[in-house]
file entry_28.cif (mmCIF, C-alpha atoms and all ligand atoms)
data_final
#
loop_
_atom_site.label_atom_id
_atom_site.label_comp_id
_atom_site.auth_asym_id
_atom_site.auth_seq_id
_atom_site.Cartn_x
_atom_site.Cartn_y
_atom_site.Cartn_z
CA MET Z 1104 -20.58 23.14 1.16
CA LEU Z 1105 -19.00 19.84 2.11
CA ASP Z 1106 -16.65 19.53 5.05
CA VAL Z 1107 -14.20 17.36 3.08
CA LEU Z 1108 -14.00 16.34 -0.56
CA ILE Z 1109 -11.74 13.36 -1.21
CA VAL Z 1110 -10.43 12.93 -4.74
CA GLY Z 1111 -9.63 9.26 -5.48
CA GLY Z 1112 -11.59 6.23 -4.32
CA GLY Z 1113 -8.67 3.82 -4.04
CA PRO Z 1114 -7.94 2.07 -0.73
CA VAL Z 1115 -6.63 5.25 0.93
CA GLY Z 1116 -9.41 7.65 -0.13
CA LEU Z 1117 -12.11 5.12 0.80
CA PHE Z 1118 -10.57 4.51 4.22
CA LEU Z 1119 -10.36 8.25 4.96
CA GLY Z 1120 -13.98 8.58 3.81
CA CYS Z 1121 -15.03 5.93 6.37
CA LEU Z 1122 -13.04 7.59 9.18
CA LEU Z 1123 -14.50 11.05 8.48
CA ALA Z 1124 -18.05 9.74 8.06
CA GLN Z 1125 -17.76 8.05 11.44
CA ARG Z 1126 -16.72 11.37 12.96
CA GLY Z 1127 -19.89 12.94 11.57
CA LEU Z 1128 -18.25 15.10 8.87
CA SER Z 1129 -20.03 15.64 5.56
CA VAL Z 1130 -17.82 13.92 3.01
CA GLN Z 1131 -17.81 12.83 -0.63
CA VAL Z 1132 -15.30 10.65 -2.45
CA LEU Z 1133 -14.94 11.29 -6.19
CA GLU Z 1134 -13.54 8.40 -8.23
CA ARG Z 1135 -13.02 8.47 -11.98
CA ARG Z 1136 -13.24 4.70 -12.46
CA SER Z 1137 -16.74 3.31 -12.88
CA GLU Z 1138 -15.71 0.14 -11.02
CA ILE Z 1139 -12.93 -1.28 -8.85
CA SER Z 1140 -9.80 -2.13 -10.83
CA GLY Z 1141 -9.32 -5.88 -11.22
CA HIS Z 1142 -5.55 -5.36 -11.49
CA SER Z 1143 -3.99 -7.17 -8.58
CA ARG Z 1144 -1.59 -5.00 -6.62
CA ALA Z 1145 -1.30 -4.84 -2.82
CA VAL Z 1146 -1.92 -8.02 -0.87
CA GLY Z 1147 -0.15 -7.42 2.47
CA LEU Z 1148 -1.98 -5.81 5.40
CA HIS Z 1149 0.27 -5.27 8.41
CA PRO Z 1150 -0.85 -5.35 12.09
CA PRO Z 1151 -0.84 -1.53 12.53
CA ALA Z 1152 -3.24 -1.26 9.59
CA LEU Z 1153 -5.50 -3.98 11.02
CA GLU Z 1154 -5.62 -2.05 14.29
CA LEU Z 1155 -6.78 0.98 12.27
CA PHE Z 1156 -9.40 -1.13 10.51
CA GLU Z 1157 -10.98 -1.76 13.93
CA ARG Z 1158 -11.92 1.93 13.98
CA VAL Z 1159 -14.19 1.46 10.97
CA GLY Z 1160 -15.46 -1.96 12.03
CA LEU Z 1161 -13.65 -3.88 9.30
CA ALA Z 1162 -10.84 -5.75 11.05
CA ASP Z 1163 -12.80 -8.95 11.72
CA SER Z 1164 -14.25 -9.21 8.21
CA ALA Z 1165 -10.84 -8.53 6.64
CA VAL Z 1166 -9.22 -11.25 8.75
CA ALA Z 1167 -12.05 -13.68 7.91
CA ALA Z 1168 -11.65 -13.03 4.16
CA GLY Z 1169 -7.85 -13.15 4.00
CA VAL Z 1170 -5.05 -15.55 4.85
CA SER Z 1171 -3.21 -14.90 8.14
CA VAL Z 1172 0.49 -15.50 7.52
CA PRO Z 1173 2.19 -16.43 10.82
CA SER Z 1174 5.76 -16.57 9.51
CA GLY Z 1175 8.08 -16.39 6.54
CA VAL Z 1176 10.52 -19.15 5.62
CA LEU Z 1177 13.91 -17.83 4.47
CA ARG Z 1178 15.89 -20.03 2.12
CA GLY Z 1179 19.33 -19.62 0.61
CA PRO Z 1180 21.55 -21.72 -1.62
CA GLY Z 1181 22.31 -23.94 1.39
CA GLY Z 1182 18.64 -24.70 2.16
CA VAL Z 1183 16.43 -23.30 4.92
CA VAL Z 1184 18.15 -20.41 6.72
CA GLY Z 1185 15.41 -19.95 9.27
CA GLU Z 1186 11.82 -18.98 9.85
CA LEU Z 1187 10.83 -15.47 10.90
CA GLY Z 1188 7.72 -15.67 13.09
CA PHE Z 1189 5.31 -12.78 13.61
CA ALA Z 1190 3.89 -14.08 16.93
CA GLY Z 1191 5.30 -11.16 18.95
CA VAL Z 1192 4.41 -8.30 16.62
CA SER Z 1193 0.89 -7.65 17.90
CA GLU Z 1194 -1.39 -9.06 20.57
CA ARG Z 1195 -4.48 -9.14 18.42
CA TYR Z 1196 -2.91 -9.59 14.99
CA PRO Z 1197 0.25 -11.72 15.31
CA PHE Z 1198 0.46 -12.17 11.54
CA VAL Z 1199 0.53 -10.38 8.18
CA LEU Z 1200 -2.86 -10.57 6.53
CA ILE Z 1201 -2.95 -11.38 2.84
CA LEU Z 1202 -5.98 -10.00 1.03
CA PRO Z 1203 -6.01 -8.91 -2.64
CA GLN Z 1204 -6.41 -5.14 -3.07
CA SER Z 1205 -9.63 -5.48 -5.08
CA GLN Z 1206 -11.26 -7.32 -2.15
CA THR Z 1207 -9.96 -4.76 0.35
CA GLU Z 1208 -11.34 -1.91 -1.76
CA ALA Z 1209 -14.71 -3.68 -2.13
CA MET Z 1210 -14.89 -4.03 1.66
CA LEU Z 1211 -14.07 -0.34 2.21
CA GLU Z 1212 -16.55 0.74 -0.47
CA LYS Z 1213 -19.34 -1.29 1.16
CA ARG Z 1214 -18.55 0.13 4.60
CA LEU Z 1215 -18.56 3.70 3.30
CA ALA Z 1216 -21.95 3.09 1.67
CA GLU Z 1217 -23.28 1.80 5.00
CA LEU Z 1218 -22.01 4.88 6.83
CA VAL Z 1219 -23.11 7.46 4.23
CA PRO Z 1220 -25.11 6.11 1.28
CA GLY Z 1221 -23.97 7.83 -1.92
CA ALA Z 1222 -20.76 9.25 -0.43
CA LEU Z 1223 -18.71 7.56 -3.16
CA ARG Z 1224 -19.41 9.01 -6.61
CA ARG Z 1225 -17.93 6.88 -9.38
CA GLY Z 1226 -17.30 8.06 -12.94
CA VAL Z 1227 -16.31 11.56 -11.74
CA GLU Z 1228 -12.94 12.95 -12.81
CA VAL Z 1229 -11.60 16.05 -11.07
CA GLN Z 1230 -9.95 18.50 -13.45
CA ALA Z 1231 -9.51 21.82 -11.64
CA LEU Z 1232 -9.54 23.40 -8.22
CA LYS Z 1233 -9.38 26.89 -6.79
CA GLN Z 1234 -8.62 27.83 -3.20
CA SER Z 1235 -10.36 30.97 -2.01
CA GLY Z 1236 -10.36 32.04 1.60
CA GLU Z 1237 -12.28 29.52 3.63
CA HIS Z 1238 -13.08 26.92 1.01
CA ILE Z 1239 -11.96 25.18 -2.18
CA SER Z 1240 -13.99 24.98 -5.39
CA VAL Z 1241 -13.53 21.86 -7.47
CA THR Z 1242 -14.47 21.28 -11.10
CA ALA Z 1243 -15.03 17.73 -12.29
CA GLN Z 1244 -16.46 15.89 -15.29
CA GLU Z 1245 -19.35 13.49 -14.75
CA ASN Z 1246 -20.84 11.80 -17.84
CA GLY Z 1247 -19.40 14.53 -20.06
CA GLU Z 1248 -20.93 17.31 -17.97
CA ASP Z 1249 -19.23 19.84 -15.71
CA LEU Z 1250 -19.78 19.37 -12.00
CA GLN Z 1251 -18.94 22.10 -9.46
CA LEU Z 1252 -18.44 21.28 -5.80
CA GLN Z 1253 -17.26 23.26 -2.80
CA ALA Z 1254 -15.61 21.98 0.36
CA ARG Z 1255 -13.77 23.34 3.35
CA PHE Z 1256 -10.94 20.87 2.65
CA VAL Z 1257 -9.89 18.79 -0.35
CA VAL Z 1258 -7.81 15.64 0.08
CA GLY Z 1259 -5.94 14.31 -2.95
CA ALA Z 1260 -5.85 10.52 -2.59
CA ASP Z 1261 -5.63 10.11 -6.34
CA GLY Z 1262 -2.57 7.91 -6.71
CA ARG Z 1263 0.97 8.35 -7.96
CA ARG Z 1264 -0.05 10.34 -11.05
CA SER Z 1265 -2.13 12.66 -8.82
CA THR Z 1266 -4.06 15.38 -10.63
CA ILE Z 1267 -4.52 17.26 -7.34
CA ARG Z 1268 -0.76 17.31 -6.77
CA SER Z 1269 -0.22 18.77 -10.27
CA LEU Z 1270 -3.01 21.33 -9.83
CA LEU Z 1271 -1.42 22.44 -6.55
CA GLY Z 1272 1.96 22.71 -8.29
CA VAL Z 1273 3.61 20.39 -5.76
CA ALA Z 1274 6.83 18.76 -6.99
CA PHE Z 1275 7.20 14.95 -6.73
CA PRO Z 1276 10.93 14.30 -6.93
CA GLY Z 1277 12.26 10.77 -6.91
CA ARG Z 1278 13.67 8.05 -9.08
CA THR Z 1279 13.09 4.72 -10.78
CA TYR Z 1280 15.21 1.83 -9.52
CA PRO Z 1281 16.86 -0.66 -11.85
CA ASP Z 1282 15.09 -3.49 -9.97
CA THR Z 1283 12.11 -4.97 -11.83
CA TYR Z 1284 9.90 -7.95 -11.05
CA LEU Z 1285 7.45 -10.37 -12.56
CA MET Z 1286 4.55 -11.58 -10.45
CA GLY Z 1287 1.71 -14.03 -10.91
CA ASP Z 1288 -0.99 -15.95 -9.04
CA PHE Z 1289 -1.34 -19.73 -9.42
CA PRO Z 1290 -2.98 -22.62 -7.52
CA ASP Z 1291 -0.85 -23.42 -4.48
CA THR Z 1292 0.85 -26.75 -5.02
CA THR Z 1293 3.54 -26.20 -2.38
CA ALA Z 1294 3.64 -27.72 1.09
CA TYR Z 1295 4.12 -24.30 2.70
CA GLY Z 1296 0.45 -23.75 3.57
CA ASP Z 1297 -0.13 -20.32 5.15
CA ARG Z 1298 3.58 -19.43 5.37
CA ALA Z 1299 5.40 -16.92 3.15
CA LEU Z 1300 8.59 -17.93 1.36
CA ILE Z 1301 11.68 -15.98 0.42
CA TYR Z 1302 14.42 -17.58 -1.67
CA PHE Z 1303 17.71 -15.70 -1.84
CA VAL Z 1304 19.49 -17.16 -4.86
CA PRO Z 1305 22.26 -15.91 -7.21
CA GLY Z 1306 19.84 -15.05 -10.06
CA GLY Z 1307 17.71 -12.80 -7.84
CA VAL Z 1308 15.07 -13.20 -5.16
CA VAL Z 1309 11.86 -15.23 -5.44
CA GLU Z 1310 9.10 -14.41 -2.96
CA SER Z 1311 5.83 -16.23 -2.49
CA PHE Z 1312 2.69 -15.62 -0.42
CA PRO Z 1313 -0.47 -17.67 0.13
CA LEU Z 1314 -3.65 -16.07 -1.24
CA PRO Z 1315 -7.29 -16.78 -0.36
CA GLY Z 1316 -8.86 -19.58 -2.45
CA GLN Z 1317 -5.88 -21.97 -2.27
CA LEU Z 1318 -3.82 -19.72 -4.54
CA ARG Z 1319 -0.25 -18.54 -4.17
CA ARG Z 1320 1.45 -15.39 -5.48
CA TRP Z 1321 4.96 -15.67 -6.90
CA VAL Z 1322 7.22 -12.65 -7.35
CA ALA Z 1323 10.60 -13.01 -9.10
CA TYR Z 1324 13.36 -10.44 -9.66
CA THR Z 1325 14.02 -9.74 -13.35
CA GLN Z 1326 17.07 -8.12 -14.94
CA ALA Z 1327 14.91 -5.78 -17.06
CA PRO Z 1328 11.20 -4.86 -17.34
CA ARG Z 1329 9.23 -7.77 -18.88
CA PRO Z 1330 5.89 -6.22 -19.98
CA ASP Z 1331 5.35 -8.95 -22.61
CA ALA Z 1332 6.16 -11.89 -20.35
CA GLN Z 1333 4.01 -15.00 -20.37
CA PRO Z 1334 3.15 -17.24 -17.38
CA ALA Z 1335 5.80 -19.71 -18.56
CA ASP Z 1336 8.50 -17.05 -18.16
CA LEU Z 1337 7.65 -16.65 -14.48
CA THR Z 1338 7.26 -20.37 -13.78
CA ALA Z 1339 10.62 -21.01 -15.50
CA LEU Z 1340 12.32 -18.43 -13.24
CA VAL Z 1341 10.71 -19.99 -10.18
CA ALA Z 1342 11.75 -23.52 -11.19
CA GLU Z 1343 15.30 -22.46 -12.06
CA ARG Z 1344 15.83 -20.56 -8.78
CA THR Z 1345 13.86 -22.71 -6.32
CA GLY Z 1346 13.33 -26.12 -7.90
CA LEU Z 1347 9.57 -25.68 -7.32
CA HIS Z 1348 7.09 -26.33 -10.14
CA VAL Z 1349 4.18 -23.95 -10.43
CA PRO Z 1350 1.16 -25.05 -12.55
CA VAL Z 1351 1.84 -22.80 -15.57
CA ASN Z 1352 -1.46 -23.50 -17.33
CA GLU Z 1353 -3.51 -22.34 -14.37
CA CYS Z 1354 -2.16 -18.81 -14.10
CA ARG Z 1355 -4.84 -16.44 -12.69
CA MET Z 1356 -2.91 -13.18 -13.02
CA LEU Z 1357 0.44 -12.12 -14.45
CA SER Z 1358 1.99 -8.68 -14.12
CA ALA Z 1359 5.41 -7.09 -14.54
CA PHE Z 1360 6.25 -4.13 -12.38
CA GLU Z 1361 8.95 -1.52 -11.96
CA THR Z 1362 10.00 0.04 -8.68
CA ARG Z 1363 10.16 3.73 -7.84
CA ARG Z 1364 10.58 6.11 -4.96
CA HIS Z 1365 8.99 9.57 -4.91
CA LEU Z 1366 8.01 12.02 -2.20
CA ALA Z 1367 5.87 15.14 -2.56
CA ALA Z 1368 7.68 18.37 -1.64
CA THR Z 1369 4.78 19.04 0.74
CA MET Z 1370 1.65 17.13 1.72
CA VAL Z 1371 -0.26 20.26 2.72
CA ARG Z 1372 -1.02 23.38 0.72
CA GLY Z 1373 -3.59 25.66 2.30
CA ARG Z 1374 -6.82 23.69 2.60
CA ALA Z 1375 -5.63 20.90 0.31
CA VAL Z 1376 -3.83 17.79 1.62
CA LEU Z 1377 -2.16 14.93 -0.27
CA ILE Z 1378 -2.15 11.39 1.15
CA GLY Z 1379 -1.33 7.85 -0.02
CA ASP Z 1380 0.51 7.34 -3.30
CA ALA Z 1381 -0.36 10.91 -4.30
CA ALA Z 1382 2.05 12.00 -1.56
CA HIS Z 1383 4.64 9.22 -1.60
CA GLU Z 1384 5.52 6.28 -3.80
CA VAL Z 1385 7.40 3.41 -2.17
CA SER Z 1386 8.74 0.28 -3.86
CA PRO Z 1387 6.20 -2.54 -3.44
CA ILE Z 1388 8.92 -4.90 -2.17
CA GLY Z 1389 8.02 -5.22 1.49
CA GLY Z 1390 4.36 -4.31 0.89
CA GLN Z 1391 4.13 -0.95 2.65
CA GLY Z 1392 2.60 1.62 0.25
CA MET Z 1393 -1.08 1.07 0.94
CA ASN Z 1394 -0.48 0.61 4.69
CA LEU Z 1395 1.45 3.89 4.75
CA GLY Z 1396 -1.48 5.65 3.08
CA TRP Z 1397 -3.92 4.32 5.69
CA LEU Z 1398 -1.62 5.64 8.41
CA ASP Z 1399 -1.71 9.07 6.70
CA ALA Z 1400 -5.50 8.91 6.71
CA ALA Z 1401 -5.67 7.96 10.39
CA ALA Z 1402 -3.35 10.85 11.31
CA LEU Z 1403 -5.31 13.32 9.16
CA ALA Z 1404 -8.87 12.49 10.24
CA PRO Z 1405 -8.74 14.13 13.71
CA LEU Z 1406 -7.01 17.22 12.25
CA LEU Z 1407 -9.77 17.67 9.70
CA GLU Z 1408 -12.43 17.17 12.34
CA GLY Z 1409 -10.87 19.90 14.49
CA ALA Z 1410 -10.36 22.23 11.54
CA VAL Z 1411 -13.88 22.11 10.07
CA THR Z 1412 -15.37 23.28 13.36
CA ALA Z 1413 -12.72 25.98 14.00
CA LYS Z 1414 -13.43 29.59 12.98
CA THR Z 1415 -9.95 30.15 11.52
CA LEU Z 1416 -7.47 27.71 10.02
CA ASP Z 1417 -4.69 26.79 12.44
CA SER Z 1418 -1.82 25.64 10.23
CA HIS Z 1419 0.32 24.23 13.07
CA PRO Z 1420 -1.25 20.75 13.34
CA PHE Z 1421 -1.09 20.42 9.54
CA ALA Z 1422 2.57 21.42 9.53
CA ALA Z 1423 3.28 18.73 12.15
CA PHE Z 1424 1.29 16.21 10.06
CA ASN Z 1425 3.35 17.14 7.00
CA ARG Z 1426 6.65 16.65 8.86
CA GLN Z 1427 5.69 13.40 10.53
CA ARG Z 1428 4.09 11.70 7.53
CA ARG Z 1429 6.90 12.67 5.14
CA HIS Z 1430 9.34 11.28 7.68
CA ALA Z 1431 7.36 8.02 7.83
CA ALA Z 1432 7.35 7.84 4.02
CA ARG Z 1433 11.14 8.28 3.90
CA ARG Z 1434 11.53 5.54 6.47
CA ALA Z 1435 9.29 3.14 4.53
CA ALA Z 1436 11.12 3.92 1.29
CA GLY Z 1437 14.47 3.26 2.99
CA GLN Z 1438 13.21 -0.04 4.35
CA ALA Z 1439 11.98 -1.04 0.88
CA GLU Z 1440 15.41 -0.19 -0.55
CA ILE Z 1441 17.07 -2.54 1.95
CA ASN Z 1442 14.58 -5.28 1.06
CA MET Z 1443 15.36 -4.83 -2.63
CA TYR Z 1444 19.10 -4.76 -2.07
CA PHE Z 1445 19.03 -8.21 -0.46
CA GLY Z 1446 17.01 -9.56 -3.39
CA GLN Z 1447 19.40 -8.45 -6.14
CA PRO Z 1448 21.41 -11.00 -8.10
CA THR Z 1449 24.75 -11.70 -6.48
CA SER Z 1450 27.50 -14.27 -6.27
CA LEU Z 1451 27.16 -17.59 -4.47
CA ASN Z 1452 29.95 -16.55 -2.09
CA THR Z 1453 28.15 -13.38 -1.03
CA LEU Z 1454 24.92 -15.28 -0.52
CA THR Z 1455 26.65 -17.93 1.57
CA LEU Z 1456 28.15 -15.20 3.74
CA ARG Z 1457 24.76 -13.49 4.10
CA GLU Z 1458 23.18 -16.82 4.99
CA ALA Z 1459 25.61 -17.13 7.89
CA VAL Z 1460 24.81 -13.58 9.04
CA PHE Z 1461 21.04 -14.24 8.89
CA ARG Z 1462 21.42 -17.47 10.82
CA ALA Z 1463 23.41 -15.61 13.48
CA LEU Z 1464 20.84 -12.80 13.68
CA LEU Z 1465 18.03 -15.28 14.17
CA HIS Z 1466 20.11 -17.21 16.70
CA LEU Z 1467 20.96 -14.04 18.62
CA ARG Z 1468 17.28 -13.53 19.26
CA LEU Z 1469 17.17 -10.54 16.96
CA ALA Z 1470 14.30 -12.18 15.12
CA PRO Z 1471 11.63 -10.11 16.98
CA LYS Z 1472 13.36 -6.90 15.86
CA LEU Z 1473 13.42 -8.14 12.26
CA ALA Z 1474 9.77 -9.18 12.53
CA ASP Z 1475 8.89 -5.68 13.82
CA LEU Z 1476 10.66 -4.16 10.81
CA PHE Z 1477 8.85 -6.34 8.31
CA THR Z 1478 5.42 -5.70 9.85
CA MET Z 1479 5.75 -1.89 10.05
CA ARG Z 1480 5.68 -1.90 13.84
CA TRP Z 1481 7.81 1.27 13.72
CA SER Z 1482 4.90 3.13 12.13
CA LEU Z 1483 2.92 3.12 15.40
CA LYS Z 1484 5.63 5.08 17.19
CA GLU Z 1485 5.76 7.50 14.24
CA SER Z 1486 2.00 8.16 14.52
CA GLN Z 1487 2.22 8.78 18.26
CA LYS Z 1488 4.69 11.61 17.63
CA LEU Z 1489 1.92 13.72 16.07
C1 LIG Z 1501 2.74 -4.89 -7.72
C2 LIG Z 1501 2.38 -4.08 -6.51
C3 LIG Z 1501 2.25 -4.71 -5.28
C4 LIG Z 1501 1.95 -3.97 -4.14
N1 LIG Z 1501 1.83 -4.61 -2.94
C5 LIG Z 1501 1.57 -3.90 -1.82
C6 LIG Z 1501 1.35 -4.56 -0.57
O1 LIG Z 1501 1.41 -5.79 -0.47
N2 LIG Z 1501 1.07 -3.80 0.53
C7 LIG Z 1501 0.98 -2.42 0.44
O2 LIG Z 1501 0.76 -1.77 1.47
N3 LIG Z 1501 1.12 -1.78 -0.76
C8 LIG Z 1501 1.39 -2.47 -1.88
N4 LIG Z 1501 1.49 -1.85 -3.08
C9 LIG Z 1501 1.23 -0.38 -3.16
C10 LIG Z 1501 -0.27 -0.09 -3.20
O3 LIG Z 1501 -0.88 -0.75 -4.29
C11 LIG Z 1501 -0.49 1.42 -3.31
O4 LIG Z 1501 0.31 2.05 -2.31
C12 LIG Z 1501 -1.96 1.77 -3.10
O5 LIG Z 1501 -2.76 1.35 -4.17
C13 LIG Z 1501 -2.11 3.29 -2.95
O6 LIG Z 1501 -3.46 3.57 -2.72
P1 LIG Z 1501 -4.04 5.01 -3.04
O7 LIG Z 1501 -5.50 4.94 -2.67
O8 LIG Z 1501 -3.18 6.05 -2.44
O9 LIG Z 1501 -3.87 5.19 -4.62
P2 LIG Z 1501 -4.49 4.33 -5.80
O10 LIG Z 1501 -4.70 2.92 -5.41
O11 LIG Z 1501 -3.65 4.61 -7.01
O12 LIG Z 1501 -5.94 4.97 -6.01
C14 LIG Z 1501 -6.09 6.29 -6.53
C15 LIG Z 1501 -7.48 6.39 -7.13
O13 LIG Z 1501 -7.68 7.74 -7.58
C16 LIG Z 1501 -8.41 7.72 -8.79
N5 LIG Z 1501 -8.14 8.98 -9.49
C17 LIG Z 1501 -6.96 9.37 -10.03
N6 LIG Z 1501 -7.09 10.61 -10.56
C18 LIG Z 1501 -8.38 10.99 -10.34
C19 LIG Z 1501 -9.11 12.17 -10.67
N7 LIG Z 1501 -8.56 13.22 -11.32
N8 LIG Z 1501 -10.43 12.25 -10.31
C20 LIG Z 1501 -11.01 11.20 -9.65
N9 LIG Z 1501 -10.36 10.05 -9.33
C21 LIG Z 1501 -9.06 9.96 -9.67
C22 LIG Z 1501 -7.87 6.48 -9.51
O14 LIG Z 1501 -8.78 6.00 -10.48
C23 LIG Z 1501 -7.67 5.50 -8.36
O15 LIG Z 1501 -8.80 4.67 -8.15
C24 LIG Z 1501 1.77 -2.57 -4.24
C25 LIG Z 1501 1.88 -1.93 -5.49
C26 LIG Z 1501 2.18 -2.68 -6.61
C27 LIG Z 1501 2.31 -1.98 -7.95
#

call {"tool": "encode", "arguments": {"input": "entry_28.cif", "output": "structure tokens", "more": "lines below"}}
Ligand SMILES: Cc1cc2nc3c(=O)[nH]c(=O)nc-3n(C[C@H](O)[C@H](O)[C@H](O)COP(=O)(O)OP(=O)(O)OC[C@H]3O[C@@H](n4cnc5c(N)ncnc54)[C@H](O)[C@@H]3O)c2cc1C
result
Amino acid sequence: MLDVLIVGGGPVGLFLGCLLAQRGLSVQVLERRSEISGHSRAVGLHPPALELFERVGLADSAVAAGVSVPSGVLRGPGGVVGELGFAGVSERYPFVLILPQSQTEAMLEKRLAELVPGALRRGVEVQALKQSGEHISVTAQENGEDLQLQARFVVGADGRRSTIRSLLGVAFPGRTYPDTYLMGDFPDTTAYGDRALIYFVPGGVVESFPLPGQLRRWVAYTQAPRPDAQPADLTALVAERTGLHVPVNECRMLSAFETRRHLAATMVRGRAVLIGDAAHEVSPIGGQGMNLGWLDAAALAPLLEGAVTAKTLDSHPFAAFNRQRRHAARRAAGQAEINMYFGQPTSLNTLTLREAVFRALLHLRLAPKLADLFTMRWSLKESQKL
């Protein structure tokens, strides 16, 4: 009988595994993939998440491996609008850390193996579960064979298409936005160094972030999904909207993505809990989804520790967790919607007006408030409410 069985060894499941192992709980993480996905997704780690990484001894190595972005340069049709600095957002981490998701997952996987060798079981796909009294029985497939496991709690950290959520019969209402994007990684030939860039232009936003290894990620708004796009399509959009030339023949990754917003009707059902993308999907614009999942994990770990040692299940702390984390997810989704709104195609007149408003906001010393918003500073207050 395990204390906690985590389904899904993505960034959120692995992080929860580390937190629980450190608290001395018996834990296993089941992951259907045989290896980490090479598909590049999340790159932004915000200061609240880095503070959480300290708890599992990973903050220093993450910072050493990534690029610390101290500010973002905002540009409009009239040139540079201003620079939003992150110096005041955190004492220890006055920046947004850029680290590709595959590297972050590799780091978490290694740390979990150090804490509990063998806790992560790859190539195991969960297919059924049954709650009965004081435990949950889980059925999985490993190398074509049935595997039966029992745990006091099961955590579904199995992504937006969560099997656990379906097995629990939890609804996942939401919608797909019309906003779509094309993104790609290329050698960095700009003079922007470690700074992020955001171009607000009539055709739609272009964002750019430095990556480790002298690379730079480019993200451009597209009018429709572009699953068959080639690197030249992205570099043409960048050149047309920013005047910058990206080395098209040296593309390291190209991906088109859609944007969605979904929230599970509940994150807790009996002894099963949903966290990360299994519980809430947030548009990637603003880079919050993975960070939000880590905050779920940090809020859940002490509840699970208390519950595995208790004789009877006290549902009150889990109900508070459910309320608070769903509220945080709604807030992150709302923030992402605002980010996307400002990146939509619009007229030159509107952009010129917005440019003036942005300049005034920065001039009025509202920049620290904006910086707090973009670095998920609000999420710390949300966690303290629990
Ligand atoms: C283009 C893009 C850019 C993004 N950028 C950012 C960013 O900069 N910052 C940020 O915070 N977020 C970002 N995100 C969001 C981020 O990628 C997700 O929020 C994050 O991956 C969620 O982590 P997770 O562990 O909850 O789920 P996932 O990463 O989806 O992991 C779930 C895991 O569960 C496994 N699994 C599924 N079903 C089963 C099963 N039945 N049995 C066993 N295993 C199973 C899967 O194989 C997978 O490994 C971005 C997303 C996209 C698409």

call {"tool": "closest_atom_pairs", "arguments": {"input": "entry_28.cif", "of": "segment 1311-1344 of chain Z", "to": "segment 1147-1153 of chain Z", "cutoff": "12 Å", "atoms": "all atoms listed in the file", "output": "Markdown table"}}
result
| residue | atom | partner | partner_atom | distance |
| --- | --- | --- | --- | --- |
| Z:Ser1311 | CA | Z:Gly1147 | CA | 11.7 |
| Z:Phe1312 | CA | Z:Gly1147 | CA | 9.1 |
| Z:Pro1313 | CA | Z:Gly1147 | CA | 10.5 |
| Z:Leu1314 | CA | Z:Gly1147 | CA | 10.0 |
| Z:Arg1320 | CA | Z:Gly1147 | CA | 11.4 |

call {"tool": "write_last_selection", "arguments": {"input": "entry_28.cif", "atoms": "C-alpha atoms", "output": "PDB file, in the frame of the given file"}}
result
ATOM      1  CA  SER Z1311       5.830 -16.230  -2.490  1.00  0.00           C
ATOM      2  CA  PHE Z1312       2.690 -15.620  -0.420  1.00  0.00           C
ATOM      3  CA  PRO Z1313      -0.470 -17.670   0.130  1.00  0.00           C
ATOM      4  CA  LEU Z1314      -3.650 -16.070  -1.240  1.00  0.00           C
ATOM      5  CA  ARG Z1320       1.450 -15.390  -5.480  1.00  0.00           C
TER       6      ARG Z1320
END

call {"tool": "residues_near_ligand", "arguments": {"input": "entry_28.cif", "ligand": "ligand LIG 1501 (chain Z)", "cutoff": "7 Å", "atoms": "only C-alpha atoms and all ligand atoms", "output": "ChimeraX atom specification"}}
result
/Z:1110-1116,1133-1136,1144-1148,1227-1230,1260-1263,1265-1267,1360,1378-1381,1384,1387,1389-1396

call {"tool": "closest_residue", "arguments": {"input": "entry_28.cif", "among": "Z:Gly1373, Z:Pro1448, Z:Gly1226, Z:Gly1179", "to": "His1419 of chain Z", "atoms": "only C-alpha atoms"}}
result
Z:Gly1373

call {"tool": "atom_distance", "arguments": {"input": "entry_28.cif", "atom1": "atom CA of Pro1315 of chain Z", "atom2": "atom CA of Ser1164 of chain Z"}}
result
13.4 Å

call {"tool": "closest_atom_pairs", "arguments": {"input": "entry_28.cif", "of": "segment 1311-1359 of chain Z", "to": "segment 1429-1446 of chain Z", "cutoff": "12 Å", "atoms": "only C-alpha atoms", "output": "CSV"}}
result
residue,atom,partner,partner_atom,distance
Z:Val1322,CA,Z:Gly1446,CA,11.0
Z:Ala1323,CA,Z:Gly1446,CA,9.3
Z:Tyr1324,CA,Z:Gly1446,CA,7.3
Z:Thr1325,CA,Z:Gly1446,CA,10.4
Z:Gln1326,CA,Z:Gly1446,CA,11.6

call {"tool": "closest_residue", "arguments": {"input": "entry_28.cif", "among": "Z:Lys1414, Z:Arg1298, Z:His1238, Z:Lys1233", "to": "Asp1106 of chain Z", "atoms": "all atoms listed in the file"}}
result
Z:His1238

call {"tool": "residues_around", "arguments": {"input": "entry_28.cif", "residues": "segment 1469-1472 of chain Z", "least_positions_apart": "5", "cutoff": "12 Å", "atoms": "all atoms listed in the file", "output": "PyMOL selection string"}}
result
chain Z and resi 1174-1175+1185-1193+1197+1460-1464+1477-1481
